[in-house]
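*Asks:* Sharing my_file-v9.cif here; it has mmCIF, C-alpha atoms and all ligand atoms.
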data_model
loop_
_atom_site.label_atom_id
_atom_site.label_comp_id
_atom_site.auth_asym_id
_atom_site.auth_seq_id
_atom_site.Cartn_x
_atom_site.Cartn_y
_atom_site.Cartn_z
CA MET A 198 -102.80 21.30 -6.50
CA GLU A 199 -100.40 21.78 -3.58
CA MET A 200 -100.54 25.09 -1.73
CA THR A 201 -97.63 27.52 -2.03
CA HIS A 202 -96.14 28.63 1.30
CA ARG A 203 -94.75 32.15 1.58
CA ILE A 204 -91.55 32.40 3.57
CA VAL A 205 -89.87 35.70 4.35
CA VAL A 206 -86.33 35.82 5.73
CA LEU A 207 -85.30 39.12 7.35
CA GLY A 208 -81.55 39.68 7.23
CA ALA A 209 -78.98 38.23 4.83
CA GLY A 210 -76.15 37.84 7.31
CA TYR A 211 -74.52 34.47 7.97
CA THR A 212 -77.61 32.94 9.57
CA GLY A 213 -80.31 34.38 7.32
CA MET A 214 -78.33 33.23 4.29
CA MET A 215 -77.95 29.76 5.76
CA ALA A 216 -81.68 29.50 6.52
CA THR A 217 -82.61 30.81 3.06
CA HIS A 218 -80.28 28.43 1.32
CA GLY A 219 -81.49 25.45 3.35
CA ILE A 220 -85.20 26.22 2.89
CA ALA A 221 -84.73 26.63 -0.86
CA ARG A 222 -82.90 23.31 -1.14
CA ARG A 223 -85.22 21.35 1.15
CA THR A 224 -88.70 22.49 0.18
CA ARG A 225 -90.95 22.59 -2.87
CA ASN A 226 -93.96 24.85 -3.34
CA THR A 227 -92.38 27.63 -1.35
CA ASP A 228 -92.13 31.25 -2.33
CA ILE A 229 -89.02 32.53 -0.51
CA THR A 230 -88.14 36.22 -0.17
CA LEU A 231 -84.91 37.39 1.43
CA VAL A 232 -84.75 40.99 2.67
CA ASN A 233 -81.55 42.91 3.43
CA PRO A 234 -80.64 46.61 3.48
CA THR A 235 -77.63 46.11 1.16
CA ASP A 236 -77.20 43.83 -1.83
CA VAL A 237 -73.60 42.96 -0.89
CA PHE A 238 -73.00 40.22 1.67
CA ASN A 239 -71.28 41.60 4.78
CA GLU A 240 -68.57 39.18 5.91
CA ARG A 241 -68.68 40.24 9.54
CA LEU A 242 -66.05 37.64 10.42
CA ARG A 243 -63.63 39.77 8.42
CA GLN A 244 -64.86 43.13 9.71
CA HIS A 245 -61.52 43.85 11.41
CA GLN A 246 -59.78 43.42 8.04
CA VAL A 247 -62.17 45.83 6.33
CA ALA A 248 -61.76 48.23 9.24
CA VAL A 249 -58.06 48.68 8.52
CA GLY A 250 -58.66 49.23 4.82
CA GLN A 251 -58.19 45.76 3.33
CA GLU A 252 -60.25 45.12 0.20
CA LEU A 253 -62.31 41.95 0.25
CA ALA A 254 -63.96 40.05 -2.59
CA VAL A 255 -67.47 41.37 -3.26
CA HIS A 256 -70.23 38.75 -2.95
CA ARG A 257 -73.56 40.03 -4.26
CA ILE A 258 -76.52 38.57 -2.38
CA PRO A 259 -78.75 38.21 -5.49
CA ASP A 260 -75.99 36.17 -7.16
CA LEU A 261 -75.81 33.91 -4.10
CA VAL A 262 -79.55 33.22 -3.83
CA ALA A 263 -81.03 33.60 -7.34
CA PRO A 264 -79.74 30.18 -8.51
CA ALA A 265 -81.80 28.62 -5.69
CA GLY A 266 -84.95 30.40 -6.90
CA VAL A 267 -85.06 32.90 -4.03
CA ALA A 268 -86.35 36.45 -4.57
CA PHE A 269 -84.14 39.14 -3.08
CA VAL A 270 -85.57 42.47 -1.94
CA GLN A 271 -83.17 45.24 -0.99
CA GLY A 272 -84.70 47.09 1.95
CA ARG A 273 -84.95 47.29 5.71
CA ALA A 274 -87.87 45.84 7.64
CA ALA A 275 -89.45 48.79 9.44
CA ARG A 276 -92.44 47.04 11.04
CA ILE A 277 -93.79 43.54 11.54
CA ASP A 278 -97.54 43.00 11.78
CA ALA A 279 -97.36 39.75 13.68
CA ALA A 280 -101.14 39.25 13.81
CA GLY A 281 -101.59 39.97 10.11
CA ARG A 282 -98.39 38.06 9.23
CA SER A 283 -96.78 40.77 7.16
CA VAL A 284 -93.63 42.88 7.13
CA VAL A 285 -93.51 46.50 6.01
CA LEU A 286 -90.22 47.70 4.56
CA ASP A 287 -88.77 51.19 4.85
CA ASP A 288 -89.95 52.01 1.30
CA GLY A 289 -93.54 51.05 2.23
CA GLN A 290 -93.48 47.71 0.42
CA GLU A 291 -95.47 45.01 2.28
CA LEU A 292 -94.55 41.33 2.27
CA THR A 293 -96.97 38.74 3.66
CA TYR A 294 -95.74 35.44 5.06
CA ASP A 295 -96.82 32.05 6.35
CA TYR A 296 -93.41 31.64 8.07
CA LEU A 297 -91.00 34.38 9.03
CA VAL A 298 -87.29 33.86 9.76
CA TYR A 299 -85.99 36.66 11.97
CA ALA A 300 -82.25 36.95 11.32
CA ILE A 301 -81.43 40.63 11.74
CA GLY A 302 -78.33 40.06 13.88
CA SER A 303 -76.91 42.63 16.28
CA THR A 304 -74.77 45.76 16.15
CA THR A 305 -72.18 47.49 18.31
CA PRO A 306 -73.72 50.52 20.03
CA ARG A 307 -72.83 53.87 18.49
CA VAL A 308 -71.02 56.23 20.86
CA GLU A 309 -69.88 59.83 20.51
CA HIS A 310 -66.20 60.55 19.73
CA ALA A 311 -65.44 56.94 18.76
CA PHE A 312 -65.86 54.72 15.74
CA THR A 313 -67.40 51.25 15.74
CA ILE A 314 -65.80 48.49 13.71
CA ASP A 315 -68.54 48.54 11.05
CA ASP A 316 -68.15 52.28 10.40
CA PRO A 317 -66.67 52.79 6.91
CA ALA A 318 -65.16 56.11 8.09
CA PHE A 319 -62.87 54.26 10.54
CA ALA A 320 -60.54 52.97 7.80
CA GLN A 321 -60.09 56.49 6.45
CA ALA A 322 -59.47 57.90 9.95
CA LEU A 323 -56.74 55.29 10.52
CA ARG A 324 -55.10 56.05 7.19
CA SER A 325 -55.04 59.76 8.04
CA ASN A 326 -53.51 59.06 11.48
CA ALA A 327 -51.15 56.23 10.54
CA GLU A 328 -48.44 57.66 12.80
CA GLY A 329 -50.75 58.72 15.62
CA VAL A 330 -52.44 56.88 18.51
CA LEU A 331 -55.34 54.46 18.22
CA ALA A 332 -57.21 53.67 21.45
CA VAL A 333 -59.22 50.45 21.27
CA CYS A 334 -61.83 50.33 24.04
CA GLY A 335 -62.68 46.77 25.01
CA ALA A 336 -60.50 43.67 24.73
CA GLY A 337 -63.08 41.13 23.71
CA LEU A 338 -62.23 39.17 20.58
CA THR A 339 -63.30 42.03 18.29
CA GLY A 340 -61.07 44.51 20.16
CA ILE A 341 -58.12 42.12 20.12
CA GLU A 342 -58.49 41.31 16.40
CA ALA A 343 -58.86 44.99 15.49
CA ALA A 344 -55.87 46.06 17.61
CA ALA A 345 -53.61 43.38 16.11
CA GLU A 346 -54.73 44.09 12.56
CA ALA A 347 -54.21 47.85 12.96
CA ALA A 348 -50.76 47.42 14.57
CA GLU A 349 -49.62 45.11 11.79
CA THR A 350 -51.00 47.26 8.97
CA TYR A 351 -49.60 50.55 10.35
CA PRO A 352 -46.26 49.84 12.08
CA GLN A 353 -45.86 53.53 13.03
CA LEU A 354 -49.28 53.63 14.70
CA GLN A 355 -49.31 53.41 18.51
CA VAL A 356 -52.12 51.03 19.48
CA VAL A 357 -53.43 51.11 23.06
CA LEU A 358 -55.84 48.33 24.05
CA LEU A 359 -57.93 49.28 27.09
CA SER A 360 -59.59 46.56 29.10
CA ARG A 361 -61.34 46.22 32.42
CA GLY A 362 -60.58 42.49 32.68
CA GLU A 363 -57.76 40.30 31.38
CA PRO A 364 -57.94 40.02 27.56
CA ALA A 365 -58.93 36.57 26.28
CA SER A 366 -59.65 35.39 29.80
CA MET A 367 -61.96 32.70 28.40
CA MET A 368 -58.99 30.94 26.78
CA GLY A 369 -56.73 28.35 28.36
CA PRO A 370 -53.36 29.55 29.75
CA LYS A 371 -51.20 28.44 26.79
CA ALA A 372 -53.37 29.97 24.06
CA ARG A 373 -53.76 33.11 26.15
CA THR A 374 -50.02 33.46 26.71
CA TYR A 375 -49.45 33.03 22.98
CA LEU A 376 -52.04 35.71 22.24
CA MET A 377 -50.54 38.19 24.73
CA ASN A 378 -46.99 37.58 23.43
CA THR A 379 -48.18 38.21 19.88
CA LEU A 380 -49.85 41.49 20.87
CA ASP A 381 -46.60 42.43 22.59
CA ARG A 382 -44.57 41.56 19.47
CA LEU A 383 -46.91 43.72 17.39
CA GLY A 384 -46.29 46.60 19.80
CA VAL A 385 -49.84 46.77 21.17
CA ASP A 386 -49.85 48.51 24.55
CA VAL A 387 -52.33 46.45 26.60
CA ARG A 388 -53.67 48.24 29.69
CA THR A 389 -55.83 46.07 31.91
CA GLY A 390 -57.86 46.89 35.00
CA VAL A 391 -59.04 50.18 33.54
CA THR A 392 -62.60 51.37 32.99
CA VAL A 393 -63.37 53.94 30.34
CA THR A 394 -65.62 56.57 31.89
CA ARG A 395 -65.82 59.14 29.09
CA LEU A 396 -64.92 59.54 25.45
CA LEU A 397 -63.68 62.97 24.51
CA PRO A 398 -62.52 64.49 21.23
CA GLY A 399 -58.86 63.41 21.08
CA ALA A 400 -58.79 61.44 24.36
CA VAL A 401 -60.28 58.64 26.43
CA GLU A 402 -60.95 59.31 30.10
CA LEU A 403 -60.40 56.49 32.61
CA ASP A 404 -61.76 55.93 36.09
CA GLY A 405 -59.51 57.68 38.57
CA GLY A 406 -59.26 60.64 36.18
CA GLY A 407 -56.40 59.44 33.95
CA ARG A 408 -56.55 60.23 30.24
CA VAL A 409 -55.22 58.40 27.19
CA PRO A 410 -54.63 60.84 24.32
CA ALA A 411 -56.01 59.27 21.14
CA ASP A 412 -56.14 60.50 17.55
CA VAL A 413 -58.63 57.75 16.74
CA THR A 414 -60.82 55.78 19.16
CA LEU A 415 -62.50 52.46 18.41
CA TRP A 416 -65.38 51.30 20.61
CA THR A 417 -65.82 47.51 20.55
CA THR A 418 -67.77 46.60 23.66
CA GLY A 419 -71.33 45.40 23.90
CA VAL A 420 -73.97 44.56 21.33
CA VAL A 421 -77.44 45.96 20.84
CA HIS A 422 -80.51 44.39 19.31
CA ALA A 423 -83.11 46.21 17.21
CA ARG A 424 -86.58 46.62 18.76
CA LEU A 425 -88.32 45.34 15.61
CA ALA A 426 -89.63 42.11 17.19
CA ALA A 427 -90.44 43.74 20.53
CA GLU A 428 -92.43 46.51 18.84
CA ALA A 429 -94.44 43.83 17.01
CA GLY A 430 -95.43 42.17 20.29
CA ILE A 431 -93.18 39.16 19.65
CA ALA A 432 -91.80 37.89 22.96
CA VAL A 433 -88.21 39.04 23.57
CA ASP A 434 -85.71 38.84 26.43
CA ASP A 435 -84.30 41.88 28.27
CA ALA A 436 -81.75 42.44 25.50
CA GLY A 437 -84.42 42.46 22.76
CA ARG A 438 -83.61 39.01 21.36
CA VAL A 439 -86.54 36.85 20.32
CA THR A 440 -87.31 34.22 22.95
CA VAL A 441 -87.58 30.84 21.28
CA ASP A 442 -88.63 27.32 22.19
CA ALA A 443 -86.37 24.30 21.80
CA ALA A 444 -87.10 24.20 18.04
CA LEU A 445 -86.14 27.92 17.61
CA ARG A 446 -89.75 29.10 17.15
CA SER A 447 -90.90 32.27 18.89
CA VAL A 448 -92.62 31.32 22.15
CA SER A 449 -95.37 33.85 21.38
CA HIS A 450 -95.66 33.41 17.58
CA PRO A 451 -94.71 29.88 16.48
CA GLU A 452 -94.81 30.82 12.77
CA VAL A 453 -91.79 33.07 13.50
CA PHE A 454 -88.38 31.40 13.74
CA ALA A 455 -85.46 33.36 15.17
CA VAL A 456 -81.82 32.58 14.46
CA GLY A 457 -78.30 33.83 15.12
CA ASP A 458 -77.51 36.90 17.20
CA ALA A 459 -81.18 38.03 17.11
CA ALA A 460 -82.41 34.96 19.04
CA ALA A 461 -82.21 34.09 22.76
CA ILE A 462 -81.49 30.37 22.61
CA ARG A 463 -81.27 28.38 25.83
CA GLN A 464 -79.05 25.32 26.10
CA VAL A 465 -78.10 23.35 29.21
CA TYR A 466 -75.08 25.59 29.85
CA GLY A 467 -77.03 28.85 29.43
CA THR A 468 -78.05 31.20 26.61
CA ILE A 469 -75.94 30.90 23.47
CA HIS A 470 -73.83 34.00 22.90
CA GLY A 471 -73.73 35.56 19.43
CA THR A 472 -71.20 33.82 17.23
CA CYS A 473 -71.21 32.64 13.66
CA GLN A 474 -70.20 29.25 14.99
CA SER A 475 -73.54 28.90 16.78
CA GLY A 476 -75.55 31.03 14.34
CA ILE A 477 -74.93 29.00 11.18
CA PRO A 478 -76.36 25.83 12.80
CA THR A 479 -79.46 27.78 13.89
CA GLY A 480 -80.03 28.76 10.24
CA ALA A 481 -79.54 25.17 9.04
CA HIS A 482 -81.79 23.84 11.79
CA THR A 483 -84.57 26.31 10.99
CA ALA A 484 -84.50 25.30 7.33
CA GLU A 485 -84.82 21.67 8.38
CA SER A 486 -87.67 22.54 10.79
CA ILE A 487 -89.67 24.46 8.18
CA ALA A 488 -89.21 21.60 5.71
CA ARG A 489 -90.42 19.11 8.34
CA ILE A 490 -93.47 21.22 9.24
CA LEU A 491 -94.42 21.52 5.57
CA ARG A 492 -94.24 17.71 5.35
CA GLY A 493 -96.58 17.43 8.33
CA LYS A 494 -93.87 16.49 10.84
CA ASP A 495 -92.85 18.08 14.12
CA PRO A 496 -89.61 20.09 14.17
CA ARG A 497 -86.71 18.64 16.12
CA ARG A 498 -85.04 20.06 19.18
CA PHE A 499 -82.00 22.28 18.52
CA ARG A 500 -78.82 21.31 20.33
CA PHE A 501 -75.50 23.03 20.07
CA GLY A 502 -72.07 22.68 21.63
CA TYR A 503 -69.17 25.06 20.98
CA ILE A 504 -65.98 23.75 19.45
CA HIS A 505 -63.54 26.66 19.26
CA GLN A 506 -62.56 30.28 19.89
CA PRO A 507 -60.72 31.40 16.74
CA VAL A 508 -58.77 34.67 16.90
CA SER A 509 -56.73 36.22 14.13
CA LEU A 510 -53.74 38.32 15.19
CA GLY A 511 -53.05 40.26 12.01
CA ARG A 512 -52.53 38.47 8.70
CA LYS A 513 -49.41 36.63 9.85
CA ASP A 514 -50.58 35.03 13.08
CA ALA A 515 -53.60 33.56 14.82
CA VAL A 516 -54.53 31.40 17.77
CA ILE A 517 -57.38 28.91 18.08
CA GLN A 518 -58.52 27.67 21.47
CA PHE A 519 -60.57 24.46 21.25
CA THR A 520 -63.40 24.19 23.73
CA ASN A 521 -65.82 21.99 25.57
CA PRO A 522 -69.46 22.21 24.43
CA ASP A 523 -70.14 24.93 27.03
CA ASP A 524 -67.31 27.11 25.55
CA THR A 525 -64.87 26.47 28.37
CA PRO A 526 -61.34 25.84 27.06
CA ASN A 527 -60.00 22.30 26.73
CA ARG A 528 -56.27 21.55 26.50
CA TRP A 529 -55.97 21.80 22.70
CA TYR A 530 -55.01 24.90 20.82
CA LEU A 531 -53.41 25.92 17.52
CA LYS A 532 -51.02 28.77 16.89
CA GLY A 533 -49.09 30.32 14.00
CA ARG A 534 -49.50 28.91 10.50
CA ALA A 535 -51.85 26.08 11.43
CA ALA A 536 -54.08 28.58 13.22
CA ILE A 537 -54.03 31.01 10.26
CA ALA A 538 -55.14 28.21 7.91
CA TYR A 539 -57.82 27.10 10.37
CA LYS A 540 -59.16 30.63 10.85
CA GLU A 541 -59.24 31.19 7.09
CA ALA A 542 -61.22 27.95 6.64
CA VAL A 543 -63.68 29.15 9.31
CA SER A 544 -64.09 32.54 7.62
CA SER A 545 -64.52 31.24 4.09
CA SER A 546 -66.71 28.19 4.75
CA PRO A 547 -70.09 30.00 4.99
CA LEU A 548 -69.80 31.26 1.41
CA LYS A 549 -69.03 27.71 0.29
CA PHE A 550 -72.26 26.55 1.96
CA TYR A 551 -74.30 29.24 0.17
CA ARG A 552 -72.86 28.28 -3.21
CA SER A 553 -73.38 24.56 -2.69
CA LYS A 554 -76.20 22.89 -4.60
CA THR A 555 -77.24 20.73 -1.66
CA ALA A 556 -78.58 21.73 1.73
CA VAL A 557 -76.09 21.41 4.55
CA PRO A 558 -77.49 18.90 7.06
CA SER A 559 -77.86 20.66 10.38
CA ALA A 560 -76.19 17.62 11.95
CA ILE A 561 -72.90 18.64 10.27
CA THR A 562 -73.03 22.20 11.48
CA LYS A 563 -74.05 21.63 15.06
CA ARG A 564 -73.27 18.10 16.10
CA THR A 565 -69.78 18.41 17.51
CA GLY A 566 -70.21 18.61 21.21
CA GLY A 567 -73.95 18.70 20.75
CA ARG A 568 -74.34 15.13 21.89
CA HIS A 569 -72.98 16.13 25.29
CA ASN A 570 -75.56 18.85 25.48
CA ARG A 571 -78.45 16.86 26.85
CA PRO A 572 -81.88 18.50 26.91
CA THR A 573 -83.36 19.75 30.14
CA PRO A 574 -87.06 19.33 30.91
CA GLU A 575 -87.65 23.09 30.68
CA ALA A 576 -86.21 23.07 27.17
CA ALA A 577 -88.85 20.58 26.05
CA LEU A 578 -90.54 21.06 22.70
CA THR A 579 -93.93 22.65 22.97
CA THR A 580 -95.48 20.45 20.29
C1 LIG B 1 -64.71 41.53 13.90
C2 LIG B 1 -65.60 40.35 14.19
C3 LIG B 1 -65.05 39.08 14.15
C4 LIG B 1 -65.84 37.97 14.44
N1 LIG B 1 -65.27 36.74 14.40
C5 LIG B 1 -66.02 35.66 14.67
C6 LIG B 1 -65.43 34.35 14.60
O1 LIG B 1 -64.24 34.17 14.33
N2 LIG B 1 -66.23 33.28 14.84
C7 LIG B 1 -67.58 33.43 15.13
O2 LIG B 1 -68.26 32.41 15.32
N3 LIG B 1 -68.15 34.64 15.20
C8 LIG B 1 -67.41 35.77 14.98
N4 LIG B 1 -67.99 37.00 15.05
C9 LIG B 1 -69.43 37.12 15.38
C10 LIG B 1 -70.30 36.90 14.12
O3 LIG B 1 -69.87 37.76 13.11
C11 LIG B 1 -71.78 37.14 14.42
O4 LIG B 1 -72.17 36.34 15.51
C12 LIG B 1 -72.59 36.77 13.18
O5 LIG B 1 -72.34 37.70 12.15
C13 LIG B 1 -74.09 36.73 13.47
O6 LIG B 1 -74.77 36.40 12.29
P1 LIG B 1 -76.27 36.91 12.07
O7 LIG B 1 -76.69 36.41 10.73
O8 LIG B 1 -77.09 36.56 13.25
O9 LIG B 1 -76.17 38.50 12.05
P2 LIG B 1 -75.38 39.49 11.04
O10 LIG B 1 -74.18 38.83 10.46
O11 LIG B 1 -75.22 40.72 11.84
O12 LIG B 1 -76.43 39.72 9.90
C14 LIG B 1 -77.66 40.40 10.10
C15 LIG B 1 -78.14 40.94 8.77
O13 LIG B 1 -79.44 41.49 8.95
C16 LIG B 1 -79.49 42.76 8.32
N5 LIG B 1 -80.54 43.57 8.95
C17 LIG B 1 -80.46 44.29 10.11
N6 LIG B 1 -81.62 44.89 10.36
C18 LIG B 1 -82.47 44.55 9.36
C19 LIG B 1 -83.82 44.86 9.08
N7 LIG B 1 -84.55 45.66 9.87
N8 LIG B 1 -84.39 44.35 7.94
C20 LIG B 1 -83.67 43.53 7.13
N9 LIG B 1 -82.38 43.20 7.37
C21 LIG B 1 -81.80 43.70 8.47
C22 LIG B 1 -78.08 43.32 8.49
O14 LIG B 1 -77.84 44.36 7.58
C23 LIG B 1 -77.25 42.06 8.24
O15 LIG B 1 -76.99 41.88 6.87
C24 LIG B 1 -67.24 38.14 14.76
C25 LIG B 1 -67.80 39.43 14.77
C26 LIG B 1 -67.00 40.53 14.49
C27 LIG B 1 -67.64 41.90 14.51
#
Taking this structure as input, can you express it in the form of structure tokens?

*Replies:*
Amino acid sequence: MEMTHRIVVLGAGYTGMMATHGIARRTRNTDITLVNPTDVFNERLRQHQVAVGQELAVHRIPDLVAPAGVAFVQGRAARIDAAGRSVVLDDGQELTYDYLVYAIGSTTPRVEHAFTIDDPAFAQALRSNAEGVLAVCGAGLTGIEAAAEAAETYPQLQVVLLSRGEPASMMGPKARTYLMNTLDRLGVDVRTGVTVTRLLPGAVELDGGGRVPADVTLWTTGVVHARLAAEAGIAVDDAGRVTVDAALRSVSHPEVFAVGDAAAIRQVYGTIHGTCQSGIPTGAHTAESIARILRGKDPRRFRFGYIHQPVSLGRKDAVIQFTNPDDTPNRWYLKGRAAIAYKEAVSSSPLKFYRSKTAVPSAITKRTGGRHNRPTPEAALTT
């Protein structure tokens, strides 16, 4: 009789779902358990839509994974016993594993006197202040998408976007100009070269002492990583992300795979930054690796090259900057209707993967640009 392998996946975000789906489709004799605090899939790619009160379709996680024979446990991992290979959930339940997939993502830091984009109370605050002032702190892609969405949804709302650097500076000049013109058309007041020094009730204080009065403030800068892995003695980087080898296994605990925002993944151009674009391939690759290990083979090296920077600008506009594998802009970009359709395809494709009856080959999800991303000696596989 063949042995049954116990696999626990922590986190049912984009990457944990992808890993779960792939493992279920690629392996036999596995007992897979997926753990997540909520039983509804959080479409983080559409968080800015939810933030302004749009209602999205509800995708229940058990419905997405049960057909593949995966057990779903609603709960939050409170502790990992890495030596004993078990996870304790917040309700005291203990799950033992042979392989653990660490996919708990990242969050925006909570700050006083401001909302974060995942705070359900933000939508209500906006509704109540639809003719007031919204200050968006941080003009990364989340800040830009939230500012545009809010300005379009509430035409009487004054939206102020505060940024230390130039918004969308990672884009090429044409896509960037298009983006700035669209923000201008939507009436977003973009103030660059400013640093927020303090958040106050009803105002944002800037360096130099200036204040921006704000009925509602949204904080969008930075991400934080839970200390779960670090507290378990699993090797992490300074940010708390699990340090992995070239096959995405923890460098300290090779039976632990880390994917998505929760992993520190080195490529030739540097450490991958948290995107769904890079995270989905890490989930697919991990599934492939676990299936290979269970067949007695070595896992393959993970390689990834970026292809795009998609940004929605409300429901009626968008801009997509295409990129080189290292995420620098190339000369191609999309705008307007073509960009809206492209962005919608990007946002809806993960759920199509999870509903598919076949495993998505990791080559499809990561290959574009990946071939240019040649391995370095220090990224060599450890097996
Ligand atoms: C507004 C917005 C727009 C974005 N747009 C894009 C885009 O266009 N393209 C792109 O590539 N990326 C985009 N991103 C980034 C992308 O959403 C993230 O990189 C992606 O969600 C990371 O996936 P993940 O599975 O690693 O983590 P998450 O999606 O954060 O999922 C982690 C899951 O783990 C769960 N969890 C947390 N702690 C525990 C625990 N202790 N135990 C069990 N479960 C736990 C969480 O509840 C969550 O369900 C966007 C992000 C935002 C906020």

*Asks:* Report as a PDB file with C-alpha atoms, in the coordinates of the input which protein, DNA and RNA residues come within 8 Å of ligand LIG 1 (chain B), using only C-alpha atoms and all ligand atoms.

*Replies:*
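Dumped everything to out_22.pdb:
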ATOM      1  CA  LEU A 207     -85.300  39.120   7.350  1.00  0.00           C
ATOM      2  CA  GLY A 208     -81.550  39.680   7.230  1.00  0.00           C
ATOM      3  CA  ALA A 209     -78.980  38.230   4.830  1.00  0.00           C
ATOM      4  CA  GLY A 210     -76.150  37.840   7.310  1.00  0.00           C
ATOM      5  CA  TYR A 211     -74.520  34.470   7.970  1.00  0.00           C
ATOM      6  CA  THR A 212     -77.610  32.940   9.570  1.00  0.00           C
ATOM      7  CA  GLY A 213     -80.310  34.380   7.320  1.00  0.00           C
ATOM      8  CA  MET A 214     -78.330  33.230   4.290  1.00  0.00           C
ATOM      9  CA  VAL A 232     -84.750  40.990   2.670  1.00  0.00           C
ATOM     10  CA  ASN A 233     -81.550  42.910   3.430  1.00  0.00           C
ATOM     11  CA  PRO A 234     -80.640  46.610   3.480  1.00  0.00           C
ATOM     12  CA  THR A 235     -77.630  46.110   1.160  1.00  0.00           C
ATOM     13  CA  PHE A 238     -73.000  40.220   1.670  1.00  0.00           C
ATOM     14  CA  ASN A 239     -71.280  41.600   4.780  1.00  0.00           C
ATOM     15  CA  GLU A 240     -68.570  39.180   5.910  1.00  0.00           C
ATOM     16  CA  ARG A 241     -68.680  40.240   9.540  1.00  0.00           C
ATOM     17  CA  LEU A 242     -66.050  37.640  10.420  1.00  0.00           C
ATOM     18  CA  ARG A 243     -63.630  39.770   8.420  1.00  0.00           C
ATOM     19  CA  GLN A 244     -64.860  43.130   9.710  1.00  0.00           C
ATOM     20  CA  HIS A 245     -61.520  43.850  11.410  1.00  0.00           C
ATOM     21  CA  GLN A 246     -59.780  43.420   8.040  1.00  0.00           C
ATOM     22  CA  GLY A 272     -84.700  47.090   1.950  1.00  0.00           C
ATOM     23  CA  ARG A 273     -84.950  47.290   5.710  1.00  0.00           C
ATOM     24  CA  ALA A 274     -87.870  45.840   7.640  1.00  0.00           C
ATOM     25  CA  ALA A 275     -89.450  48.790   9.440  1.00  0.00           C
ATOM     26  CA  LEU A 286     -90.220  47.700   4.560  1.00  0.00           C
ATOM     27  CA  ALA A 300     -82.250  36.950  11.320  1.00  0.00           C
ATOM     28  CA  ILE A 301     -81.430  40.630  11.740  1.00  0.00           C
ATOM     29  CA  GLY A 302     -78.330  40.060  13.880  1.00  0.00           C
ATOM     30  CA  SER A 303     -76.910  42.630  16.280  1.00  0.00           C
ATOM     31  CA  THR A 304     -74.770  45.760  16.150  1.00  0.00           C
ATOM     32  CA  ILE A 314     -65.800  48.490  13.710  1.00  0.00           C
ATOM     33  CA  ASP A 315     -68.540  48.540  11.050  1.00  0.00           C
ATOM     34  CA  LEU A 338     -62.230  39.170  20.580  1.00  0.00           C
ATOM     35  CA  THR A 339     -63.300  42.030  18.290  1.00  0.00           C
ATOM     36  CA  GLY A 340     -61.070  44.510  20.160  1.00  0.00           C
ATOM     37  CA  GLU A 342     -58.490  41.310  16.400  1.00  0.00           C
ATOM     38  CA  ALA A 343     -58.860  44.990  15.490  1.00  0.00           C
ATOM     39  CA  ALA A 423     -83.110  46.210  17.210  1.00  0.00           C
ATOM     40  CA  LEU A 425     -88.320  45.340  15.610  1.00  0.00           C
ATOM     41  CA  VAL A 456     -81.820  32.580  14.460  1.00  0.00           C
ATOM     42  CA  GLY A 457     -78.300  33.830  15.120  1.00  0.00           C
ATOM     43  CA  ASP A 458     -77.510  36.900  17.200  1.00  0.00           C
ATOM     44  CA  ALA A 459     -81.180  38.030  17.110  1.00  0.00           C
ATOM     45  CA  HIS A 470     -73.830  34.000  22.900  1.00  0.00           C
ATOM     46  CA  GLY A 471     -73.730  35.560  19.430  1.00  0.00           C
ATOM     47  CA  THR A 472     -71.200  33.820  17.230  1.00  0.00           C
ATOM     48  CA  CYS A 473     -71.210  32.640  13.660  1.00  0.00           C
ATOM     49  CA  GLN A 474     -70.200  29.250  14.990  1.00  0.00           C
ATOM     50  CA  SER A 475     -73.540  28.900  16.780  1.00  0.00           C
ATOM     51  CA  GLY A 476     -75.550  31.030  14.340  1.00  0.00           C
ATOM     52  CA  ILE A 477     -74.930  29.000  11.180  1.00  0.00           C
ATOM     53  CA  GLN A 506     -62.560  30.280  19.890  1.00  0.00           C
ATOM     54  CA  PRO A 507     -60.720  31.400  16.740  1.00  0.00           C
ATOM     55  CA  VAL A 508     -58.770  34.670  16.900  1.00  0.00           C
ATOM     56  CA  SER A 509     -56.730  36.220  14.130  1.00  0.00           C
ATOM     57  CA  LYS A 540     -59.160  30.630  10.850  1.00  0.00           C
ATOM     58  CA  VAL A 543     -63.680  29.150   9.310  1.00  0.00           C
ATOM     59  CA  SER A 544     -64.090  32.540   7.620  1.00  0.00           C
TER      60      SER A 544
END

*Asks:* Step by step: start from the point (-50.2, 29.6, 10.4) in the file's coordinates, keep every protein, DNA or RNA residue that has an atom no farther than 12 Å from it, count only C-alpha atoms, and write the set as a list in words.

*Replies:*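 I get Val508, Ser509, Leu510, Gly511, Arg512, Lys513, Asp514, Ala515, Val516, Ile517, Leu531, Lys532, Gly533, Arg534, Ala535, Ala536, Ile537, Ala538, Tyr539, Lys540, Glu541 and Ala542 of chain A for the residues within 12 Å of that point.
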
*Asks:* Would you please work out which residue, of A:Thr305, A:Thr379, A:Thr440, A:Ser546, is nearest to A:Glu346 when using only C-alpha atoms?

*Replies:*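 Closest to A:Glu346 of all the choices is A:Thr379.
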
*Asks:* Measuring between only C-alpha atoms, which one of A:Ile490, A:Ala221, A:Leu403, A:Val249 shows the shortest distance to A:Ala322?

*Replies:*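 For A:Ala322, the nearest of the candidates is A:Val249.
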
*Asks:* Which residues are close to A:Asn378, i.e. within 12 Å by all atoms listed in the file, leaving aside same-chain residues fewer than 3 positions away? Reply as a list of chain:residue names.

*Replies:* A:Ala345, A:Pro364, A:Lys371, A:Ala372, A:Arg373, A:Thr374, A:Tyr375, A:Asp381, A:Arg382, A:Leu383, A:Gly384, A:Val385, A:Asp386, A:Val387, A:Leu510, A:Asp514, A:Ala515, A:Val516, A:Lys532
